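Heads up: the structure comes next, in C-alpha cells.
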Amino acid sequence: MSKTSLFLAMLASLSIALPVHASDRYRSRPPVMVSPDLQASWVLQLGGVPAQTRGYAAPQRLRQAVPAGRQRIIQQPQQVLRQQPVQQRRVVQQRRVLFPQQPAAQPVAMRPDKPVRTQIEPQFLPQMVQYQTEQKPGTIVIDTRERFLYLVMADGMAKRYGVGVGKPGFEWAGTHKVTAKREWPDWRPPQEMIAREAAKGHFLPAHMPGGPENPLGARALYLGSTLYRIHGTNAPWSIGSGVSSGCIRMRNEDVTDLYERVKVGTKVIVI
C-alpha cells in the first residue's frame, strides 16, 4: 500500500469516529441589532441587549443614548443647514439695497443729423431770367440777400448765377468797378484774416499759389481798391450760403463763364 492510500484511510477513520456539527458550538446565539440612526455609521451591536428590544428603536431614544461628543458632531450639520436659508435671504436683501432695480429705459427720440449738402441746389445753377433794371447791359448786380449775381443783358433779360456771400458780420454793399482779372490767382490772405483765424486755432499761410486747392478757385475779378473779389471756389456746395469773409464766390465753371463776358472797368453793384 502506498503512502498516499494509507493517509487517506486514516483521515476517513477520524471523520467517522469524531463527527463535528457547527450548530453544537453555538447553542445560545447573541442578539444582533443594526443601528437605525442614518447619520451614524452602521455598527453591529453584539450582546447586552434584551430580546424584547430587538428591532428599530425610536430616534429620540437613540439620540439620548449617543455620547455628548457625538451629539455635537451630529447636530452641527443640522444647525448649518437651518442657518443657510437665513444667510441667503440676508445676501439677497443686501443685493436689493445695493443694486435696486432700475426702471426699464425708455426709447429716446434722437434728433436726426442735419444733412451735409454736397451738391449745389438747382435754383443756383446759371439760367436766363427776366430782369427789369435801369442799369446798362454788361453791368453786374449782386443781391446778397437772395444770393444771386445778375449780368444785365438787353431786352430786360439777365444771366443769373448763384453765389456765396459774406457770413454774418461780413456783409457789405456798394458800387465798384472791376480793376483786375486773374486766372488761377494766388492767394495772400490779409493780416486781419490771419490774426482772426489764428485766434480760432486756424493758421493760414501767408501765400498760396494758384491751383485746384486754392480757395480763390479758377478765376478772380478784383473790385476797386477793396480786398473783395468775385472768385471761384474749391467748395461748390457752399454756393447759396453766407460763408465768406466778404468776397463773392461762384462755382469755377460759372466764374470762368463770367470772366469771359466782362472786361476791366465793368460796373459792379452790391446790394
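In the C-alpha cells, chains take the letters A, B, ... in the order shown, each chain's residues start at 1, and ligands count up from 1 in the order shown.
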
Considering only C-alpha atoms, return as a PDB file with all heavy atoms, in the first residue's frame whatever protein or nucleic-acid residues lie within 9 Å of A:Lys159, sequence-local ones (same chain, fewer than 5 positions apart) excluded.
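Dumped everything to selection.pdb:
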```pdb
ATOM      1  N   PRO A 126     -26.719 128.405 -63.318  1.00  0.00           N
ATOM      2  CA  PRO A 126     -26.880 129.535 -64.254  1.00  0.00           C
ATOM      3  C   PRO A 126     -28.126 129.367 -65.120  1.00  0.00           C
ATOM      4  O   PRO A 126     -28.438 128.267 -65.580  1.00  0.00           O
ATOM      5  CB  PRO A 126     -25.604 129.472 -65.100  1.00  0.00           C
ATOM      6  CG  PRO A 126     -24.638 128.678 -64.293  1.00  0.00           C
ATOM      7  CD  PRO A 126     -25.431 127.703 -63.507  1.00  0.00           C
ATOM      8  N   GLN A 127     -28.824 130.470 -65.355  1.00  0.00           N
ATOM      9  CA  GLN A 127     -30.012 130.454 -66.213  1.00  0.00           C
ATOM     10  C   GLN A 127     -30.371 131.882 -66.635  1.00  0.00           C
ATOM     11  O   GLN A 127     -30.023 132.841 -65.935  1.00  0.00           O
ATOM     12  CB  GLN A 127     -31.208 129.808 -65.503  1.00  0.00           C
ATOM     13  CG  GLN A 127     -31.504 130.379 -64.130  1.00  0.00           C
ATOM     14  CD  GLN A 127     -32.562 129.598 -63.388  1.00  0.00           C
ATOM     15  OE1 GLN A 127     -33.701 129.519 -63.859  1.00  0.00           O
ATOM     16  NE2 GLN A 127     -32.190 129.025 -62.243  1.00  0.00           N
ATOM     17  N   MET A 128     -31.048 131.984 -67.765  1.00  0.00           N
ATOM     18  CA  MET A 128     -31.518 133.277 -68.267  1.00  0.00           C
ATOM     19  C   MET A 128     -32.866 133.595 -67.623  1.00  0.00           C
ATOM     20  O   MET A 128     -33.760 132.741 -67.587  1.00  0.00           O
ATOM     21  CB  MET A 128     -31.660 133.239 -69.783  1.00  0.00           C
ATOM     22  CG  MET A 128     -30.346 133.049 -70.530  1.00  0.00           C
ATOM     23  SD  MET A 128     -29.191 134.420 -70.279  1.00  0.00           S
ATOM     24  CE  MET A 128     -30.098 135.777 -71.030  1.00  0.00           C
ATOM     25  N   VAL A 129     -32.987 134.825 -67.120  1.00  0.00           N
ATOM     26  CA  VAL A 129     -34.213 135.241 -66.435  1.00  0.00           C
ATOM     27  C   VAL A 129     -34.566 136.654 -66.889  1.00  0.00           C
ATOM     28  O   VAL A 129     -33.723 137.407 -67.415  1.00  0.00           O
ATOM     29  CB  VAL A 129     -34.037 135.199 -64.899  1.00  0.00           C
ATOM     30  CG1 VAL A 129     -33.779 133.787 -64.413  1.00  0.00           C
ATOM     31  CG2 VAL A 129     -32.924 136.149 -64.465  1.00  0.00           C
ATOM     32  N   GLN A 130     -35.816 137.018 -66.683  1.00  0.00           N
ATOM     33  CA  GLN A 130     -36.251 138.397 -66.935  1.00  0.00           C
ATOM     34  C   GLN A 130     -35.792 139.267 -65.758  1.00  0.00           C
ATOM     35  O   GLN A 130     -35.978 138.898 -64.586  1.00  0.00           O
ATOM     36  CB  GLN A 130     -37.756 138.465 -67.088  1.00  0.00           C
ATOM     37  CG  GLN A 130     -38.295 137.791 -68.340  1.00  0.00           C
ATOM     38  CD  GLN A 130     -39.793 137.957 -68.495  1.00  0.00           C
ATOM     39  OE1 GLN A 130     -40.473 138.455 -67.596  1.00  0.00           O
ATOM     40  NE2 GLN A 130     -40.323 137.553 -69.639  1.00  0.00           N
ATOM     41  N   TYR A 131     -35.228 140.416 -66.094  1.00  0.00           N
ATOM     42  CA  TYR A 131     -34.690 141.260 -65.020  1.00  0.00           C
ATOM     43  C   TYR A 131     -34.853 142.715 -65.429  1.00  0.00           C
ATOM     44  O   TYR A 131     -34.178 143.220 -66.349  1.00  0.00           O
ATOM     45  CB  TYR A 131     -33.210 140.935 -64.786  1.00  0.00           C
ATOM     46  CG  TYR A 131     -32.605 141.609 -63.576  1.00  0.00           C
ATOM     47  CD1 TYR A 131     -32.961 141.217 -62.290  1.00  0.00           C
ATOM     48  CD2 TYR A 131     -31.680 142.640 -63.743  1.00  0.00           C
ATOM     49  CE1 TYR A 131     -32.410 141.840 -61.182  1.00  0.00           C
ATOM     50  CE2 TYR A 131     -31.112 143.261 -62.632  1.00  0.00           C
ATOM     51  CZ  TYR A 131     -31.490 142.854 -61.360  1.00  0.00           C
ATOM     52  OH  TYR A 131     -30.942 143.469 -60.260  1.00  0.00           O
ATOM     53  N   LEU A 149     -26.183 136.601 -58.526  1.00  0.00           N
ATOM     54  CA  LEU A 149     -25.440 137.601 -59.302  1.00  0.00           C
ATOM     55  C   LEU A 149     -26.101 137.698 -60.670  1.00  0.00           C
ATOM     56  O   LEU A 149     -26.291 136.673 -61.348  1.00  0.00           O
ATOM     57  CB  LEU A 149     -23.968 137.209 -59.434  1.00  0.00           C
ATOM     58  CG  LEU A 149     -23.028 138.158 -60.187  1.00  0.00           C
ATOM     59  CD1 LEU A 149     -21.609 138.059 -59.626  1.00  0.00           C
ATOM     60  CD2 LEU A 149     -23.007 137.897 -61.695  1.00  0.00           C
ATOM     61  N   TYR A 150     -26.459 138.908 -61.068  1.00  0.00           N
ATOM     62  CA  TYR A 150     -27.121 139.147 -62.360  1.00  0.00           C
ATOM     63  C   TYR A 150     -26.149 139.877 -63.304  1.00  0.00           C
ATOM     64  O   TYR A 150     -25.584 140.921 -62.928  1.00  0.00           O
ATOM     65  CB  TYR A 150     -28.375 139.999 -62.179  1.00  0.00           C
ATOM     66  CG  TYR A 150     -29.444 139.345 -61.331  1.00  0.00           C
ATOM     67  CD1 TYR A 150     -29.489 139.554 -59.952  1.00  0.00           C
ATOM     68  CD2 TYR A 150     -30.431 138.548 -61.919  1.00  0.00           C
ATOM     69  CE1 TYR A 150     -30.477 138.979 -59.173  1.00  0.00           C
ATOM     70  CE2 TYR A 150     -31.424 137.964 -61.139  1.00  0.00           C
ATOM     71  CZ  TYR A 150     -31.442 138.184 -59.763  1.00  0.00           C
ATOM     72  OH  TYR A 150     -32.430 137.613 -58.990  1.00  0.00           O
ATOM     73  N   LEU A 151     -25.945 139.323 -64.466  1.00  0.00           N
ATOM     74  CA  LEU A 151     -25.235 140.013 -65.536  1.00  0.00           C
ATOM     75  C   LEU A 151     -26.303 140.574 -66.482  1.00  0.00           C
ATOM     76  O   LEU A 151     -26.983 139.814 -67.188  1.00  0.00           O
ATOM     77  CB  LEU A 151     -24.307 139.062 -66.283  1.00  0.00           C
ATOM     78  CG  LEU A 151     -23.566 139.663 -67.482  1.00  0.00           C
ATOM     79  CD1 LEU A 151     -22.706 140.859 -67.054  1.00  0.00           C
ATOM     80  CD2 LEU A 151     -22.733 138.601 -68.192  1.00  0.00           C
ATOM     81  N   VAL A 152     -26.475 141.909 -66.434  1.00  0.00           N
ATOM     82  CA  VAL A 152     -27.557 142.563 -67.164  1.00  0.00           C
ATOM     83  C   VAL A 152     -27.313 142.426 -68.670  1.00  0.00           C
ATOM     84  O   VAL A 152     -26.198 142.665 -69.160  1.00  0.00           O
ATOM     85  CB  VAL A 152     -27.674 144.041 -66.768  1.00  0.00           C
ATOM     86  CG1 VAL A 152     -28.809 144.715 -67.550  1.00  0.00           C
ATOM     87  CG2 VAL A 152     -27.897 144.167 -65.270  1.00  0.00           C
ATOM     88  N   MET A 153     -28.375 142.062 -69.388  1.00  0.00           N
ATOM     89  CA  MET A 153     -28.340 141.960 -70.845  1.00  0.00           C
ATOM     90  C   MET A 153     -29.448 142.811 -71.438  1.00  0.00           C
ATOM     91  O   MET A 153     -30.240 143.434 -70.709  1.00  0.00           O
ATOM     92  CB  MET A 153     -28.470 140.501 -71.274  1.00  0.00           C
ATOM     93  CG  MET A 153     -27.295 139.644 -70.856  1.00  0.00           C
ATOM     94  SD  MET A 153     -27.370 137.973 -71.512  1.00  0.00           S
ATOM     95  CE  MET A 153     -25.770 137.347 -70.952  1.00  0.00           C
TER      96      MET A 153
END
```

Q) Looking at only C-alpha atoms, which of A:Gly201, A:Gly162, A:Gly242, A:Gly138 is the one that sits closest to A:Val255? A) A:Gly162

Q: Find the distance between atom CA of A:Pro190 and atom CA of A:Ser238 and write it in Å to one decimal.
A: 21.8 Å

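By only C-alpha atoms, and with residues fewer than 3 positions from A:Arg229 along its chain excluded, the set lying at most 9 Å from it is Val178, Leu216, Ala220, Leu221, Tyr222, Leu223, Thr226, Gly246, Cys247, Ile248 and Arg249 of chain A.
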
Those residues with all heavy atoms, as a PDB file, in the first residue's frame please?
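The file below, again30.pdb, is the result:
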```pdb
ATOM      1  N   VAL A 178     -14.577 146.624 -61.822  1.00  0.00           N
ATOM      2  CA  VAL A 178     -13.583 145.555 -61.938  1.00  0.00           C
ATOM      3  C   VAL A 178     -12.260 146.229 -62.307  1.00  0.00           C
ATOM      4  O   VAL A 178     -12.138 146.863 -63.371  1.00  0.00           O
ATOM      5  CB  VAL A 178     -13.987 144.530 -63.004  1.00  0.00           C
ATOM      6  CG1 VAL A 178     -12.883 143.501 -63.178  1.00  0.00           C
ATOM      7  CG2 VAL A 178     -15.303 143.866 -62.624  1.00  0.00           C
ATOM      8  N   LEU A 216      -9.436 130.608 -53.908  1.00  0.00           N
ATOM      9  CA  LEU A 216      -9.936 131.582 -54.881  1.00  0.00           C
ATOM     10  C   LEU A 216     -10.387 130.930 -56.179  1.00  0.00           C
ATOM     11  O   LEU A 216     -10.982 131.616 -57.030  1.00  0.00           O
ATOM     12  CB  LEU A 216      -8.853 132.635 -55.184  1.00  0.00           C
ATOM     13  CG  LEU A 216      -8.420 133.502 -54.005  1.00  0.00           C
ATOM     14  CD1 LEU A 216      -7.432 134.564 -54.479  1.00  0.00           C
ATOM     15  CD2 LEU A 216      -9.611 134.158 -53.334  1.00  0.00           C
ATOM     16  N   ALA A 220     -10.595 135.149 -60.837  1.00  0.00           N
ATOM     17  CA  ALA A 220     -10.877 136.191 -59.846  1.00  0.00           C
ATOM     18  C   ALA A 220     -11.047 137.531 -60.543  1.00  0.00           C
ATOM     19  O   ALA A 220     -10.289 137.867 -61.466  1.00  0.00           O
ATOM     20  CB  ALA A 220      -9.766 136.270 -58.810  1.00  0.00           C
ATOM     21  N   LEU A 221     -12.061 138.309 -60.113  1.00  0.00           N
ATOM     22  CA  LEU A 221     -12.312 139.676 -60.568  1.00  0.00           C
ATOM     23  C   LEU A 221     -12.147 140.576 -59.354  1.00  0.00           C
ATOM     24  O   LEU A 221     -12.901 140.454 -58.372  1.00  0.00           O
ATOM     25  CB  LEU A 221     -13.722 139.813 -61.154  1.00  0.00           C
ATOM     26  CG  LEU A 221     -14.106 138.860 -62.296  1.00  0.00           C
ATOM     27  CD1 LEU A 221     -15.576 139.041 -62.660  1.00  0.00           C
ATOM     28  CD2 LEU A 221     -13.218 139.077 -63.515  1.00  0.00           C
ATOM     29  N   TYR A 222     -11.182 141.485 -59.376  1.00  0.00           N
ATOM     30  CA  TYR A 222     -10.876 142.341 -58.234  1.00  0.00           C
ATOM     31  C   TYR A 222     -11.724 143.599 -58.308  1.00  0.00           C
ATOM     32  O   TYR A 222     -11.895 144.198 -59.380  1.00  0.00           O
ATOM     33  CB  TYR A 222      -9.386 142.687 -58.225  1.00  0.00           C
ATOM     34  CG  TYR A 222      -8.501 141.473 -57.997  1.00  0.00           C
ATOM     35  CD1 TYR A 222      -8.182 140.626 -59.060  1.00  0.00           C
ATOM     36  CD2 TYR A 222      -8.023 141.173 -56.738  1.00  0.00           C
ATOM     37  CE1 TYR A 222      -7.384 139.512 -58.854  1.00  0.00           C
ATOM     38  CE2 TYR A 222      -7.216 140.067 -56.522  1.00  0.00           C
ATOM     39  CZ  TYR A 222      -6.915 139.231 -57.592  1.00  0.00           C
ATOM     40  OH  TYR A 222      -6.132 138.123 -57.378  1.00  0.00           O
ATOM     41  N   LEU A 223     -12.253 144.019 -57.172  1.00  0.00           N
ATOM     42  CA  LEU A 223     -13.213 145.116 -57.094  1.00  0.00           C
ATOM     43  C   LEU A 223     -12.543 146.347 -56.498  1.00  0.00           C
ATOM     44  O   LEU A 223     -12.343 146.443 -55.267  1.00  0.00           O
ATOM     45  CB  LEU A 223     -14.426 144.704 -56.255  1.00  0.00           C
ATOM     46  CG  LEU A 223     -15.162 143.443 -56.723  1.00  0.00           C
ATOM     47  CD1 LEU A 223     -16.337 143.142 -55.802  1.00  0.00           C
ATOM     48  CD2 LEU A 223     -15.626 143.585 -58.164  1.00  0.00           C
ATOM     49  N   THR A 226     -10.644 147.704 -52.888  1.00  0.00           N
ATOM     50  CA  THR A 226     -11.030 146.895 -51.724  1.00  0.00           C
ATOM     51  C   THR A 226     -10.288 145.560 -51.739  1.00  0.00           C
ATOM     52  O   THR A 226      -9.600 145.200 -52.701  1.00  0.00           O
ATOM     53  CB  THR A 226     -12.546 146.634 -51.719  1.00  0.00           C
ATOM     54  OG1 THR A 226     -12.867 145.754 -52.797  1.00  0.00           O
ATOM     55  CG2 THR A 226     -13.310 147.934 -51.882  1.00  0.00           C
ATOM     56  N   GLY A 246     -16.526 138.160 -46.955  1.00  0.00           N
ATOM     57  CA  GLY A 246     -16.979 139.328 -47.684  1.00  0.00           C
ATOM     58  C   GLY A 246     -16.872 139.182 -49.188  1.00  0.00           C
ATOM     59  O   GLY A 246     -17.540 139.898 -49.938  1.00  0.00           O
ATOM     60  N   CYS A 247     -16.038 138.242 -49.643  1.00  0.00           N
ATOM     61  CA  CYS A 247     -15.900 138.037 -51.081  1.00  0.00           C
ATOM     62  C   CYS A 247     -17.141 137.337 -51.643  1.00  0.00           C
ATOM     63  O   CYS A 247     -17.881 136.667 -50.913  1.00  0.00           O
ATOM     64  CB  CYS A 247     -14.656 137.211 -51.385  1.00  0.00           C
ATOM     65  SG  CYS A 247     -13.115 138.112 -51.114  1.00  0.00           S
ATOM     66  N   ILE A 248     -17.320 137.498 -52.961  1.00  0.00           N
ATOM     67  CA  ILE A 248     -18.426 136.850 -53.663  1.00  0.00           C
ATOM     68  C   ILE A 248     -17.854 135.627 -54.379  1.00  0.00           C
ATOM     69  O   ILE A 248     -17.005 135.771 -55.263  1.00  0.00           O
ATOM     70  CB  ILE A 248     -19.074 137.812 -54.686  1.00  0.00           C
ATOM     71  CG1 ILE A 248     -19.462 139.142 -53.998  1.00  0.00           C
ATOM     72  CG2 ILE A 248     -20.273 137.158 -55.341  1.00  0.00           C
ATOM     73  CD1 ILE A 248     -20.426 138.993 -52.855  1.00  0.00           C
ATOM     74  N   ARG A 249     -18.302 134.458 -53.992  1.00  0.00           N
ATOM     75  CA  ARG A 249     -17.742 133.239 -54.580  1.00  0.00           C
ATOM     76  C   ARG A 249     -18.746 132.589 -55.526  1.00  0.00           C
ATOM     77  O   ARG A 249     -19.960 132.652 -55.315  1.00  0.00           O
ATOM     78  CB  ARG A 249     -17.312 132.247 -53.499  1.00  0.00           C
ATOM     79  CG  ARG A 249     -18.433 131.725 -52.640  1.00  0.00           C
ATOM     80  CD  ARG A 249     -17.968 130.621 -51.689  1.00  0.00           C
ATOM     81  NE  ARG A 249     -16.937 131.098 -50.765  1.00  0.00           N
ATOM     82  CZ  ARG A 249     -16.404 130.326 -49.813  1.00  0.00           C
ATOM     83  NH1 ARG A 249     -16.810 129.063 -49.668  1.00  0.00           N
ATOM     84  NH2 ARG A 249     -15.477 130.816 -49.000  1.00  0.00           N
TER      85      ARG A 249
END
```

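Of the listed residues (A:Val243, A:Ala154, A:Ala235, A:Ala180), A:Val243 comes nearest to A:Lys167; the distances count only C-alpha atoms.
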
Q.
Can you tell me, as a PyMOL selection string, which residues in stretch 107-265 of chain A count as helix (DSSP H, G or I) by DSSP?
A. chain A and resi 122-124+191-199+236-238+252-261

Okay, now the selection with N, CA and C atoms, as a tab-separated table (two decimals), in the first residue's frame?
```
chain	number	residue	atom	x	y	z
A	122	PRO	N	-30.54	123.32	-57.30
A	122	PRO	CA	-30.84	123.64	-58.71
A	122	PRO	C	-31.08	125.13	-58.97
A	123	GLN	N	-31.71	125.86	-58.05
A	123	GLN	CA	-32.02	127.26	-58.31
A	123	GLN	C	-30.76	128.13	-58.43
A	124	PHE	N	-29.62	127.62	-57.97
A	124	PHE	CA	-28.38	128.40	-58.04
A	124	PHE	C	-27.56	128.06	-59.29
A	191	GLN	N	-3.68	140.45	-43.28
A	191	GLN	CA	-3.22	140.23	-41.90
A	191	GLN	C	-4.39	140.14	-40.93
A	192	GLU	N	-5.45	140.90	-41.18
A	192	GLU	CA	-6.61	140.84	-40.29
A	192	GLU	C	-7.23	139.44	-40.29
A	193	MET	N	-7.30	138.83	-41.47
A	193	MET	CA	-7.85	137.47	-41.56
A	193	MET	C	-6.93	136.46	-40.90
A	194	ILE	N	-5.62	136.62	-41.09
A	194	ILE	CA	-4.67	135.68	-40.47
A	194	ILE	C	-4.79	135.75	-38.95
A	195	ALA	N	-4.85	136.95	-38.38
A	195	ALA	CA	-4.96	137.10	-36.92
A	195	ALA	C	-6.30	136.57	-36.43
A	196	ARG	N	-7.37	136.84	-37.16
A	196	ARG	CA	-8.71	136.39	-36.75
A	196	ARG	C	-8.81	134.87	-36.74
A	197	GLU	N	-8.29	134.23	-37.75
A	197	GLU	CA	-8.34	132.77	-37.82
A	197	GLU	C	-7.38	132.13	-36.83
A	198	ALA	N	-6.25	132.76	-36.56
A	198	ALA	CA	-5.30	132.22	-35.58
A	198	ALA	C	-5.92	132.18	-34.19
A	199	ALA	N	-6.76	133.18	-33.87
A	199	ALA	CA	-7.44	133.17	-32.58
A	199	ALA	C	-8.40	132.01	-32.45
A	236	PRO	N	-17.81	123.96	-54.03
A	236	PRO	CA	-19.01	124.41	-54.76
A	236	PRO	C	-20.30	124.22	-54.00
A	237	TRP	N	-20.35	123.30	-53.02
A	237	TRP	CA	-21.59	123.09	-52.25
A	237	TRP	C	-21.91	124.27	-51.33
A	238	SER	N	-20.96	125.20	-51.16
A	238	SER	CA	-21.22	126.37	-50.31
A	238	SER	C	-21.95	127.48	-51.06
A	252	ASN	N	-16.47	127.26	-60.12
A	252	ASN	CA	-15.37	127.52	-61.04
A	252	ASN	C	-15.86	127.67	-62.48
A	253	GLU	N	-16.79	126.80	-62.90
A	253	GLU	CA	-17.28	126.90	-64.28
A	253	GLU	C	-18.10	128.17	-64.50
A	254	ASP	N	-18.79	128.64	-63.43
A	254	ASP	CA	-19.59	129.85	-63.56
A	254	ASP	C	-18.72	131.10	-63.59
A	255	VAL	N	-17.70	131.15	-62.71
A	255	VAL	CA	-16.85	132.33	-62.70
A	255	VAL	C	-16.01	132.38	-63.97
A	256	THR	N	-15.70	131.23	-64.56
A	256	THR	CA	-14.98	131.21	-65.83
A	256	THR	C	-15.85	131.78	-66.95
A	257	ASP	N	-17.13	131.43	-66.94
A	257	ASP	CA	-18.06	131.97	-67.94
A	257	ASP	C	-18.20	133.49	-67.77
A	258	LEU	N	-18.35	133.96	-66.53
A	258	LEU	CA	-18.47	135.39	-66.28
A	258	LEU	C	-17.18	136.11	-66.66
A	259	TYR	N	-16.07	135.49	-66.39
A	259	TYR	CA	-14.76	136.08	-66.69
A	259	TYR	C	-14.63	136.39	-68.17
A	260	GLU	N	-15.19	135.52	-69.01
A	260	GLU	CA	-15.09	135.72	-70.46
A	260	GLU	C	-16.07	136.78	-70.95
A	261	ARG	N	-17.08	137.12	-70.19
A	261	ARG	CA	-18.12	138.05	-70.64
A	261	ARG	C	-17.88	139.50	-70.22
```

Q) So what do you get for atom CA of A:Glu183 versus atom CA of A:Gly169, distance-wise? A) 29.0 Å

(Q) Give me, as a PyMOL selection string, all polymer residues having an atom no more than 8 Å from A:Thr144, counting only C-alpha atoms and skipping those fewer than 5 positions away in the same chain. (A) chain A and resi 165+270-271

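If only C-alpha atoms are the atoms counted, then among A:Ala218, A:Ile239, A:Ala206, A:Ile142 the closest residue to A:Trp172 is A:Ile142.
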